[in-house]
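Trainee: Submitted below is the structure of interest, expressed as structure tokens.
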Amino acid sequence: RVFEMAMNHFPSIMVITETRVGGDRAARIIEGLPFNGFFAIDTTGYAGGLWLLWKRKEVEVFVLASTKQEIHATIKVCNSDLT
């Protein structure tokens with residue numbers, strides 16, 4: 001579903017909560033998604049999990065801090081057509 005949404009809507013950044021997937025399995029799933037930057041917080045047992053995914057050519061993401069339930073980051077939009 002996440003791959004389908006990313007391909008249909010072309011987001012530069014995507015946050016996925018309650019992934020319930022961690023470790024090697026999470027890494028394999030993230031590799032298959034159309035994002036080349038990511039920060040992931042692992043699950044606690046079979047609960048939780050938080051992924052911040054982004055496209056490096058479109059945004060710069062600087063993760064400042066994280067906990068099991070949150071990610072604090074600054075985001076800079078690159079090459080924006082906005083005036």
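Chain labels follow the order of the structure tokens: the first chain is A, the next B, and so on; residue numbering restarts at 1 in every chain, and ligands are counted from 1 in their shown order.
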Quick one: residues within 12 Å of range 17-29 of chain A, only C-alpha atoms counted, chain neighbours fewer than 4 positions away excluded, as a VMD selection string?
Mentor: chain A and resid 1 to 3 33 to 53 68 to 71
Trainee: Find the distance between CA of Lys57 in chain A and CA of Ile16 in chain A and write it in Å to one decimal.
Mentor: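 The value is 20.3 Å.
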Trainee: Work out how far apart CA of His72 in chain A and CA of Gly32 in chain A are and give it in Å to one decimal.
Mentor: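 Between CA of His72 in chain A and CA of Gly32 in chain A the gap works out to 24.6 Å.
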Trainee: According to DSSP computed on the backbone, where in chain A is there helix (DSSP H, G or I)? Give the residues as a ChimeraX atom specification.
Mentor: /A:2-9,23-31
Trainee: Take CA of Lys76 in chain A and CA of Glu4 in chain A and report the distance between them in Å, one decimal.
Mentor: 25.3 Å
Trainee: Could you pull out all residues of chain A with a DSSP call of strand (DSSP E) and give them as a PyMOL selection string?
Mentor: chain A and resi 13-17+37-44+47-54+59-66+71-77
Trainee: Would you save the residues of that selection, restricted to N, CA and C atoms, as an mmCIF file, in the first residue's frame?
Mentor:
data_model
loop_
_atom_site.group_PDB
_atom_site.id
_atom_site.type_symbol
_atom_site.label_atom_id
_atom_site.label_comp_id
_atom_site.auth_asym_id
_atom_site.auth_seq_id
_atom_site.Cartn_x
_atom_site.Cartn_y
_atom_site.Cartn_z
ATOM 1 N N ILE A 13 8.297 13.561 0.981
ATOM 2 C CA ILE A 13 8.490 13.069 2.343
ATOM 3 C C ILE A 13 7.280 12.215 2.716
ATOM 4 N N MET A 14 7.540 11.145 3.428
ATOM 5 C CA MET A 14 6.446 10.323 3.931
ATOM 6 C C MET A 14 6.795 9.861 5.343
ATOM 7 N N VAL A 15 5.815 9.929 6.231
ATOM 8 C CA VAL A 15 5.981 9.425 7.591
ATOM 9 C C VAL A 15 5.006 8.273 7.770
ATOM 10 N N ILE A 16 5.514 7.161 8.253
ATOM 11 C CA ILE A 16 4.678 5.987 8.482
ATOM 12 C C ILE A 16 4.777 5.647 9.962
ATOM 13 N N THR A 17 3.636 5.585 10.615
ATOM 14 C CA THR A 17 3.598 5.293 12.040
ATOM 15 C C THR A 17 3.038 3.899 12.282
ATOM 16 N N GLY A 37 16.305 8.344 1.188
ATOM 17 C CA GLY A 37 16.701 8.778 2.522
ATOM 18 C C GLY A 37 15.691 8.257 3.513
ATOM 19 N N PHE A 38 16.175 7.832 4.660
ATOM 20 C CA PHE A 38 15.228 7.369 5.671
ATOM 21 C C PHE A 38 15.835 7.423 7.066
ATOM 22 N N PHE A 39 14.958 7.501 8.040
ATOM 23 C CA PHE A 39 15.305 7.369 9.444
ATOM 24 C C PHE A 39 14.211 6.512 10.041
ATOM 25 N N ALA A 40 14.585 5.451 10.710
ATOM 26 C CA ALA A 40 13.590 4.523 11.247
ATOM 27 C C ALA A 40 13.809 4.301 12.729
ATOM 28 N N ILE A 41 12.711 4.266 13.460
ATOM 29 C CA ILE A 41 12.725 3.892 14.864
ATOM 30 C C ILE A 41 12.127 2.502 14.944
ATOM 31 N N ASP A 42 12.869 1.597 15.546
ATOM 32 C CA ASP A 42 12.468 0.193 15.593
ATOM 33 C C ASP A 42 11.234 -0.012 16.467
ATOM 34 N N THR A 43 10.604 -1.124 16.296
ATOM 35 C CA THR A 43 9.430 -1.486 17.081
ATOM 36 C C THR A 43 9.839 -1.889 18.492
ATOM 37 N N THR A 44 8.865 -1.935 19.363
ATOM 38 C CA THR A 44 9.033 -2.509 20.692
ATOM 39 C C THR A 44 8.176 -3.758 20.695
ATOM 40 N N ALA A 47 4.796 -3.866 18.546
ATOM 41 C CA ALA A 47 4.088 -2.593 18.563
ATOM 42 C C ALA A 47 5.042 -1.469 18.181
ATOM 43 N N GLY A 48 4.462 -0.369 17.739
ATOM 44 C CA GLY A 48 5.251 0.813 17.433
ATOM 45 C C GLY A 48 5.934 0.752 16.082
ATOM 46 N N GLY A 49 7.015 1.480 15.989
ATOM 47 C CA GLY A 49 7.729 1.609 14.726
ATOM 48 C C GLY A 49 7.360 2.914 14.060
ATOM 49 N N LEU A 50 8.367 3.640 13.615
ATOM 50 C CA LEU A 50 8.150 4.943 13.008
ATOM 51 C C LEU A 50 9.199 5.133 11.925
ATOM 52 N N TRP A 51 8.761 5.472 10.734
ATOM 53 C CA TRP A 51 9.678 5.689 9.616
ATOM 54 C C TRP A 51 9.485 7.089 9.058
ATOM 55 N N LEU A 52 10.584 7.757 8.813
ATOM 56 C CA LEU A 52 10.601 9.030 8.101
ATOM 57 C C LEU A 52 11.362 8.759 6.806
ATOM 58 N N LEU A 53 10.682 8.900 5.686
ATOM 59 C CA LEU A 53 11.257 8.605 4.368
ATOM 60 C C LEU A 53 11.280 9.876 3.533
ATOM 61 N N TRP A 54 12.322 10.060 2.702
ATOM 62 C CA TRP A 54 12.382 11.241 1.864
ATOM 63 C C TRP A 54 13.210 10.995 0.616
ATOM 64 N N VAL A 59 14.402 17.148 -0.979
ATOM 65 C CA VAL A 59 14.449 17.733 0.361
ATOM 66 C C VAL A 59 15.722 17.297 1.083
ATOM 67 N N GLU A 60 16.163 18.158 1.987
ATOM 68 C CA GLU A 60 17.245 17.809 2.906
ATOM 69 C C GLU A 60 16.621 17.652 4.277
ATOM 70 N N VAL A 61 16.879 16.529 4.916
ATOM 71 C CA VAL A 61 16.324 16.254 6.231
ATOM 72 C C VAL A 61 17.473 16.114 7.221
ATOM 73 N N PHE A 62 17.374 16.836 8.316
ATOM 74 C CA PHE A 62 18.361 16.763 9.385
ATOM 75 C C PHE A 62 17.639 16.323 10.648
ATOM 76 N N VAL A 63 17.860 15.075 11.059
ATOM 77 C CA VAL A 63 17.221 14.565 12.266
ATOM 78 C C VAL A 63 17.940 15.164 13.466
ATOM 79 N N LEU A 64 17.191 15.839 14.308
ATOM 80 C CA LEU A 64 17.746 16.508 15.483
ATOM 81 C C LEU A 64 17.719 15.614 16.716
ATOM 82 N N ALA A 65 16.626 14.882 16.903
ATOM 83 C CA ALA A 65 16.463 14.007 18.060
ATOM 84 C C ALA A 65 15.343 13.024 17.777
ATOM 85 N N SER A 66 15.319 11.941 18.542
ATOM 86 C CA SER A 66 14.229 10.979 18.390
ATOM 87 C C SER A 66 14.030 10.214 19.690
ATOM 88 N N ILE A 71 10.063 11.785 16.112
ATOM 89 C CA ILE A 71 11.273 12.186 15.410
ATOM 90 C C ILE A 71 11.220 13.704 15.257
ATOM 91 N N HIS A 72 12.261 14.378 15.685
ATOM 92 C CA HIS A 72 12.369 15.827 15.526
ATOM 93 C C HIS A 72 13.391 16.079 14.431
ATOM 94 N N ALA A 73 12.986 16.823 13.409
ATOM 95 C CA ALA A 73 13.877 17.072 12.266
ATOM 96 C C ALA A 73 13.617 18.433 11.681
ATOM 97 N N THR A 74 14.610 18.950 11.008
ATOM 98 C CA THR A 74 14.425 20.132 10.182
ATOM 99 C C THR A 74 14.446 19.664 8.743
ATOM 100 N N ILE A 75 13.649 20.344 7.913
ATOM 101 C CA ILE A 75 13.512 19.948 6.520
ATOM 102 C C ILE A 75 13.695 21.156 5.636
ATOM 103 N N LYS A 76 14.542 21.019 4.647
ATOM 104 C CA LYS A 76 14.786 22.097 3.683
ATOM 105 C C LYS A 76 14.375 21.599 2.305
ATOM 106 N N VAL A 77 13.505 22.355 1.651
ATOM 107 C CA VAL A 77 13.050 21.995 0.315
ATOM 108 C C VAL A 77 14.100 22.455 -0.695
#
